[in-house]
file structure20.txt (compact mmCIF, C-alpha atoms)
# COMPACT_ATOMS: atom_id res chain seq x y z
CA GLY M 130 14.40 5.45 -14.31
CA ALA M 131 11.25 3.45 -14.94
CA GLY M 132 9.92 3.47 -11.41
CA VAL M 133 7.91 5.89 -9.31
CA SER M 134 10.07 8.69 -8.02
CA GLN M 135 9.45 10.98 -5.07
CA SER M 136 11.17 14.07 -3.81
CA PRO M 137 12.54 15.06 -1.47
CA SER M 138 13.56 11.78 0.15
CA ASN M 139 13.74 13.49 3.52
CA LYS M 140 12.19 16.72 4.73
CA VAL M 141 12.66 18.31 8.12
CA THR M 142 10.48 21.32 8.85
CA GLU M 143 9.33 23.41 11.74
CA LYS M 144 5.83 23.26 13.13
CA GLY M 145 3.56 25.70 11.33
CA LYS M 146 5.47 25.70 8.03
CA ASP M 147 4.00 24.48 4.74
CA VAL M 148 5.58 21.60 2.84
CA GLU M 149 5.22 20.24 -0.69
CA LEU M 150 5.96 16.64 -1.57
CA ARG M 151 6.31 15.56 -5.16
CA CYS M 152 5.52 12.30 -6.93
CA ASP M 153 6.46 11.38 -10.49
CA PRO M 154 4.54 8.22 -11.48
CA ILE M 155 5.51 5.56 -13.98
CA SER M 156 4.93 6.84 -17.49
CA GLY M 157 1.52 5.84 -18.80
CA HIS M 158 0.04 5.07 -15.39
CA THR M 159 -3.29 6.82 -15.07
CA ALA M 160 -3.95 6.06 -11.40
CA LEU M 161 -1.96 7.68 -8.61
CA TYR M 162 -2.30 7.21 -4.87
CA TRP M 163 -0.87 8.95 -1.82
CA TYR M 164 -0.47 7.11 1.46
CA ARG M 165 0.97 7.96 4.84
CA GLN M 166 2.75 5.49 7.07
CA SER M 167 3.73 6.28 10.62
CA LEU M 168 6.47 4.27 12.34
CA GLY M 169 5.34 0.70 12.88
CA GLN M 170 1.89 1.38 11.47
CA GLY M 171 0.00 0.30 8.36
CA LEU M 172 -0.65 2.30 5.22
CA GLU M 173 -3.10 5.16 5.66
CA PHE M 174 -4.83 6.07 2.40
CA LEU M 175 -4.88 9.79 1.68
CA ILE M 176 -6.02 10.50 -1.87
CA TYR M 177 -6.57 8.71 -5.20
CA PHE M 178 -6.42 10.17 -8.71
CA GLN M 179 -7.78 8.19 -11.67
CA GLY M 180 -7.38 9.77 -15.07
CA ASN M 181 -9.52 12.86 -15.48
CA SER M 182 -12.05 11.84 -12.83
CA ALA M 183 -12.54 13.87 -9.68
CA PRO M 184 -10.04 12.63 -7.09
CA ASP M 185 -11.13 10.54 -4.13
CA LYS M 186 -10.09 12.74 -1.23
CA SER M 187 -11.82 10.68 1.45
CA GLY M 188 -8.57 9.85 3.24
CA LEU M 189 -7.23 13.36 3.74
CA PRO M 190 -7.05 13.83 7.53
CA SER M 191 -7.77 17.56 7.60
CA ASP M 192 -8.19 20.57 5.37
CA ARG M 193 -4.50 21.33 5.87
CA PHE M 194 -3.84 18.55 3.38
CA SER M 195 -4.38 18.96 -0.35
CA ALA M 196 -3.07 17.37 -3.51
CA GLU M 197 -3.14 18.06 -7.18
CA ARG M 198 -2.11 16.23 -10.27
CA THR M 199 -1.10 18.31 -13.22
CA GLY M 200 -1.50 17.03 -16.77
CA GLY M 201 -2.38 13.59 -15.51
CA SER M 202 1.20 12.94 -14.49
CA VAL M 203 3.17 14.57 -11.66
CA SER M 204 1.39 15.03 -8.35
CA THR M 205 2.10 17.34 -5.44
CA LEU M 206 0.88 16.76 -1.91
CA THR M 207 0.79 19.96 0.14
CA ILE M 208 0.56 20.11 3.91
CA GLN M 209 -0.14 23.54 5.31
CA ARG M 210 0.71 24.66 8.86
CA THR M 211 2.43 21.36 9.62
CA GLN M 212 1.95 19.75 13.00
CA GLN M 213 4.17 17.24 14.80
CA GLU M 214 1.59 14.50 14.24
CA ASP M 215 2.12 14.95 10.49
CA SER M 216 5.56 13.34 10.88
CA ALA M 217 5.50 10.13 8.83
CA VAL M 218 6.68 8.58 5.60
CA TYR M 219 4.54 9.73 2.69
CA LEU M 220 4.31 7.13 -0.06
CA CYS M 221 3.12 7.58 -3.60
CA ALA M 222 2.04 4.71 -5.84
CA SER M 223 0.85 4.46 -9.41
CA SER M 224 -0.92 1.85 -11.50
CA LEU M 225 -2.37 1.38 -14.96
CA GLY M 226 -5.70 2.56 -13.66
CA GLY M 227 -8.52 0.45 -15.08
CA GLN M 228 -6.12 -2.45 -15.33
CA VAL M 229 -5.61 -2.64 -11.58
CA ALA M 230 -5.03 -6.37 -11.88
CA VAL M 231 -1.36 -5.64 -12.32
CA GLY M 232 -1.21 -3.77 -9.03
CA GLN M 233 0.35 -0.59 -7.79
CA PHE M 234 3.99 0.28 -7.75
CA PHE M 235 5.33 2.35 -4.89
CA GLY M 236 7.91 5.10 -4.82
CA PRO M 237 10.63 5.19 -2.17
CA GLY M 238 8.71 7.66 -0.02
CA THR M 239 9.38 11.01 1.58
CA ARG M 240 10.22 10.94 5.28
CA LEU M 241 8.71 14.06 6.83
CA THR M 242 9.82 15.20 10.26
CA VAL M 243 8.06 18.13 11.89
CA LEU M 244 9.98 19.60 14.78
CA GLN F 591 -15.97 -4.23 10.10
CA LYS F 592 -12.74 -3.30 8.39
CA GLU F 593 -12.73 -3.77 4.64
CA VAL F 594 -9.58 -5.88 4.63
CA GLU F 595 -8.52 -7.77 7.74
CA GLN F 596 -5.25 -9.45 8.57
CA ASN F 597 -3.83 -10.92 11.74
CA SER F 598 -1.11 -8.47 12.83
CA GLY F 599 1.14 -11.26 14.10
CA PRO F 600 3.99 -11.64 14.51
CA LEU F 601 3.84 -15.02 12.85
CA SER F 602 7.00 -16.94 13.70
CA VAL F 603 8.07 -19.95 11.66
CA PRO F 604 11.32 -21.91 11.58
CA GLU F 605 13.54 -21.77 8.52
CA GLY F 606 12.40 -24.24 5.88
CA ALA F 607 8.79 -24.35 7.08
CA ILE F 608 5.68 -23.18 5.26
CA ALA F 609 4.40 -19.76 6.31
CA SER F 610 0.66 -19.22 5.86
CA LEU F 611 -0.65 -15.66 5.79
CA ASN F 612 -4.37 -15.01 5.72
CA CYS F 613 -6.63 -12.14 4.70
CA THR F 614 -10.39 -11.64 4.65
CA TYR F 615 -12.30 -8.90 2.87
CA SER F 616 -15.79 -7.51 3.13
CA ASP F 617 -16.71 -6.38 -0.40
CA ARG F 618 -18.20 -9.31 -2.35
CA GLY F 619 -17.70 -7.33 -5.55
CA SER F 620 -13.91 -7.29 -5.16
CA GLN F 621 -12.19 -8.65 -8.23
CA SER F 622 -8.45 -8.29 -7.82
CA PHE F 623 -6.28 -9.33 -4.90
CA PHE F 624 -2.66 -8.54 -4.16
CA TRP F 625 0.09 -9.42 -1.75
CA TYR F 626 2.82 -6.94 -0.97
CA ARG F 627 5.98 -7.44 1.05
CA GLN F 628 7.41 -4.57 3.05
CA TYR F 629 10.82 -4.73 4.66
CA SER F 630 11.44 -2.43 7.59
CA GLY F 631 12.19 1.08 6.37
CA LYS F 632 11.33 0.24 2.76
CA SER F 633 8.35 0.72 0.46
CA PRO F 634 5.86 -2.08 -0.19
CA GLU F 635 6.80 -4.37 -3.06
CA LEU F 636 4.25 -6.29 -5.10
CA ILE F 637 4.91 -10.03 -4.95
CA MET F 638 1.69 -11.71 -6.13
CA PHE F 639 -1.70 -10.94 -7.58
CA ILE F 640 -4.67 -13.22 -8.18
CA TYR F 641 -8.18 -12.70 -9.49
CA SER F 642 -9.58 -16.18 -10.10
CA ASN F 643 -10.66 -18.69 -7.51
CA GLY F 644 -8.04 -21.30 -6.77
CA ASP F 645 -4.28 -21.29 -6.48
CA LYS F 646 -1.62 -19.31 -8.27
CA GLU F 647 1.99 -20.33 -7.85
CA ASP F 648 5.13 -18.29 -8.42
CA GLY F 649 8.32 -19.89 -7.19
CA ARG F 650 8.09 -20.42 -3.44
CA PHE F 651 4.92 -18.31 -3.22
CA THR F 652 1.35 -19.54 -3.69
CA ALA F 653 -1.67 -17.26 -3.52
CA GLN F 654 -5.02 -18.88 -2.80
CA LEU F 655 -8.37 -17.21 -3.42
CA ASN F 656 -11.81 -18.28 -2.28
CA LYS F 657 -14.36 -15.66 -3.29
CA ALA F 658 -17.29 -17.52 -1.72
CA SER F 659 -15.58 -17.30 1.67
CA GLN F 660 -14.08 -13.87 0.89
CA TYR F 661 -10.69 -15.18 1.82
CA VAL F 662 -7.26 -14.87 0.24
CA SER F 663 -4.06 -16.37 1.54
CA LEU F 664 -0.35 -16.44 0.78
CA LEU F 665 1.77 -19.51 1.35
CA ILE F 666 5.54 -19.24 1.44
CA ARG F 667 7.29 -22.58 1.09
CA ASP F 668 10.80 -23.26 2.38
CA SER F 669 10.72 -20.02 4.37
CA GLN F 670 14.02 -18.18 4.64
CA PRO F 671 15.18 -15.54 7.14
CA SER F 672 15.14 -13.10 4.21
CA ASP F 673 11.37 -13.58 4.01
CA SER F 674 11.03 -11.84 7.38
CA ALA F 675 8.96 -8.76 6.62
CA THR F 676 5.46 -7.36 6.89
CA TYR F 677 3.05 -8.81 4.34
CA LEU F 678 0.21 -6.59 3.19
CA CYS F 679 -2.96 -7.88 1.60
CA ALA F 680 -4.72 -5.48 -0.79
CA VAL F 681 -8.08 -5.78 -2.50
CA THR F 682 -9.83 -3.73 -5.15
CA THR F 683 -13.24 -2.64 -4.09
CA MET F 684 -15.99 -1.81 -6.56
CA GLU F 685 -17.48 0.60 -4.07
CA TYR F 686 -14.60 2.93 -4.75
CA GLY F 687 -14.17 2.39 -8.46
CA ASN F 688 -11.42 -0.17 -8.29
CA LYS F 689 -9.44 1.63 -5.63
CA LEU F 690 -6.98 -0.62 -3.85
CA VAL F 691 -7.65 -1.06 -0.12
CA PHE F 692 -4.90 -2.41 2.11
CA GLY F 693 -5.02 -4.48 5.24
CA ALA F 694 -2.84 -3.50 8.18
CA GLY F 695 -0.33 -6.25 7.44
CA THR F 696 1.05 -9.37 9.11
CA ILE F 697 4.57 -9.42 10.50
CA LEU F 698 6.40 -12.61 9.53
CA ARG F 699 9.54 -13.73 11.35
CA VAL F 700 11.51 -16.66 10.00
CA LYS F 701 13.90 -18.05 12.60
CA SER F 702 17.14 -19.68 11.50
call {"tool": "encode", "arguments": {"input": "structure20.txt", "output": "structure tokens"}}
result
Amino acid sequence: GAGVSQSPSNKVTEKGKDVELRCDPISGHTALYWYRQSLGQGLEFLIYFQGNSAPDKSGLPSDRFSAERTGGSVSTLTIQRTQQEDSAVYLCASSLGGQVAVGQFFGPGTRLTVL
Amino acid sequence: QKEVEQNSGPLSVPEGAIASLNCTYSDRGSQSFFWYRQYSGKSPELIMFIYSNGDKEDGRFTAQLNKASQYVSLLIRDSQPSDSATYLCAVTTMEYGNKLVFGAGTILRVKS
């Protein structure tokens, strides 16, 4: 597939457990974003990776959230000690980086439910 | 002031009418502007981008940009019920190294 892929598509977990969400961007895209979207709400920016630069982590809501991007490709968003308010759809998007004029392309999202 | 502002709506238009969606932004250095459509339960989908003042047309969609007024709009001609969705405006901001910043979106409802 040529698009952004995310896994799992759905994740149900118990409060206090850790979860890992994966994003596989479009090949060749150097920029990768994570967003969170709660039901009926707008996109909440979490973190932005651009090439080899230090990531922009300004959107991470707490230190329970972290993300890494290995080899400039696949990214993993980790949420430790999940809370019920973490329940949301987590969206990943990628773009050609410096050539942002062509926009970001979104993956299908991971729906996280914390019981 | 939010970086990218949109009227949350809902904006209701009859089928066949022109829907006009508006967005203002705060960073004068912004260079690229995007419109995304998001159907309920789906991911946002890029429908238009513009980076020069004026109009850009693609089928029934026209994006309009006025950098002096820091204003970008999306016109949808001959609106169809299938256009009912949330429309997100997004702007690159030089402050964050070309990071894309999204508005909260406008809900559009096209009534048949």
call {"tool": "atom_distance", "arguments": {"input": "structure20.txt", "atom1": "CA of Phe194 in chain M", "atom2": "CA of Ser156 in chain M"}}
result
25.5 Å
call {"tool": "residues_around", "arguments": {"input": "structure20.txt", "residues": "range 203-208 of chain M", "least_positions_apart": "6", "cutoff": "12 Å", "atoms": "all atoms listed in the file", "output": "JSON, numbers by chain"}}
result
{"M": [133, 134, 135, 136, 137, 142, 144, 145, 146, 147, 148, 149, 150, 151, 152, 153, 154, 155, 156, 157, 158, 159, 160, 161, 162, 163, 164, 165, 175, 176, 177, 178, 179, 184, 186, 189, 190, 191, 192, 193, 194, 195, 196, 197, 214, 215, 216, 219, 220, 221, 222, 223, 239, 241, 243]}
call {"tool": "interface_residues", "arguments": {"input": "structure20.txt", "of": "chain M", "to": "chain F", "cutoff": "7 Å", "atoms": "all atoms listed in the file", "output": "list of chain:residue names"}}
result
M:Gly171, M:Leu172, M:Ala230, M:Gly232, M:Phe235, M:Gly236, M:Pro237, M:Gly238
call {"tool": "atom_distance", "arguments": {"input": "structure20.txt", "atom1": "CA of Phe174 in chain M", "atom2": "CA of Lys657 in chain F"}}
result
24.4 Å
call {"tool": "atom_distance", "arguments": {"input": "structure20.txt", "atom1": "CA of Pro604 in chain F", "atom2": "CA of Val700 in chain F"}}
result
5.5 Å
call {"tool": "closest_residue", "arguments": {"input": "structure20.txt", "among": "F:Cys613, F:Leu655, F:Ala675, F:Leu601", "to": "Gln628 in chain F", "atoms": "all atoms listed in the file"}}
result
F:Ala675
call {"tool": "residues_around", "arguments": {"input": "structure20.txt", "residues": "Leu611 in chain F", "least_positions_apart": "2", "cutoff": "10 Å", "atoms": "all atoms listed in the file", "output": "ChimeraX atom specification"}}
result
/F:596-597,599,601,608-609,613,625,653,662-666,677-679,695-698
call {"tool": "closest_residue", "arguments": {"input": "structure20.txt", "among": "F:Ser602, F:Glu595, F:Lys646, F:Thr652", "to": "Thr614 in chain F", "atoms": "only C-alpha atoms"}}
result
F:Glu595
call {"tool": "closest_residue", "arguments": {"input": "structure20.txt", "among": "F:Asn643, F:Glu605, F:Ser620, F:Asp648", "to": "Ser674 in chain F", "atoms": "only C-alpha atoms"}}
result
F:Glu605
call {"tool": "axis_aligned_box", "arguments": {"input": "structure20.txt", "around": "range 640-658 of chain F", "padding_each_side": "4 Å", "output": "lines of an AutoDock Vina configuration file"}}
result
center_x = -4.5
center_y = -17.0
center_z = -5.9
size_x = 33.6
size_y = 16.6
size_z = 16.4
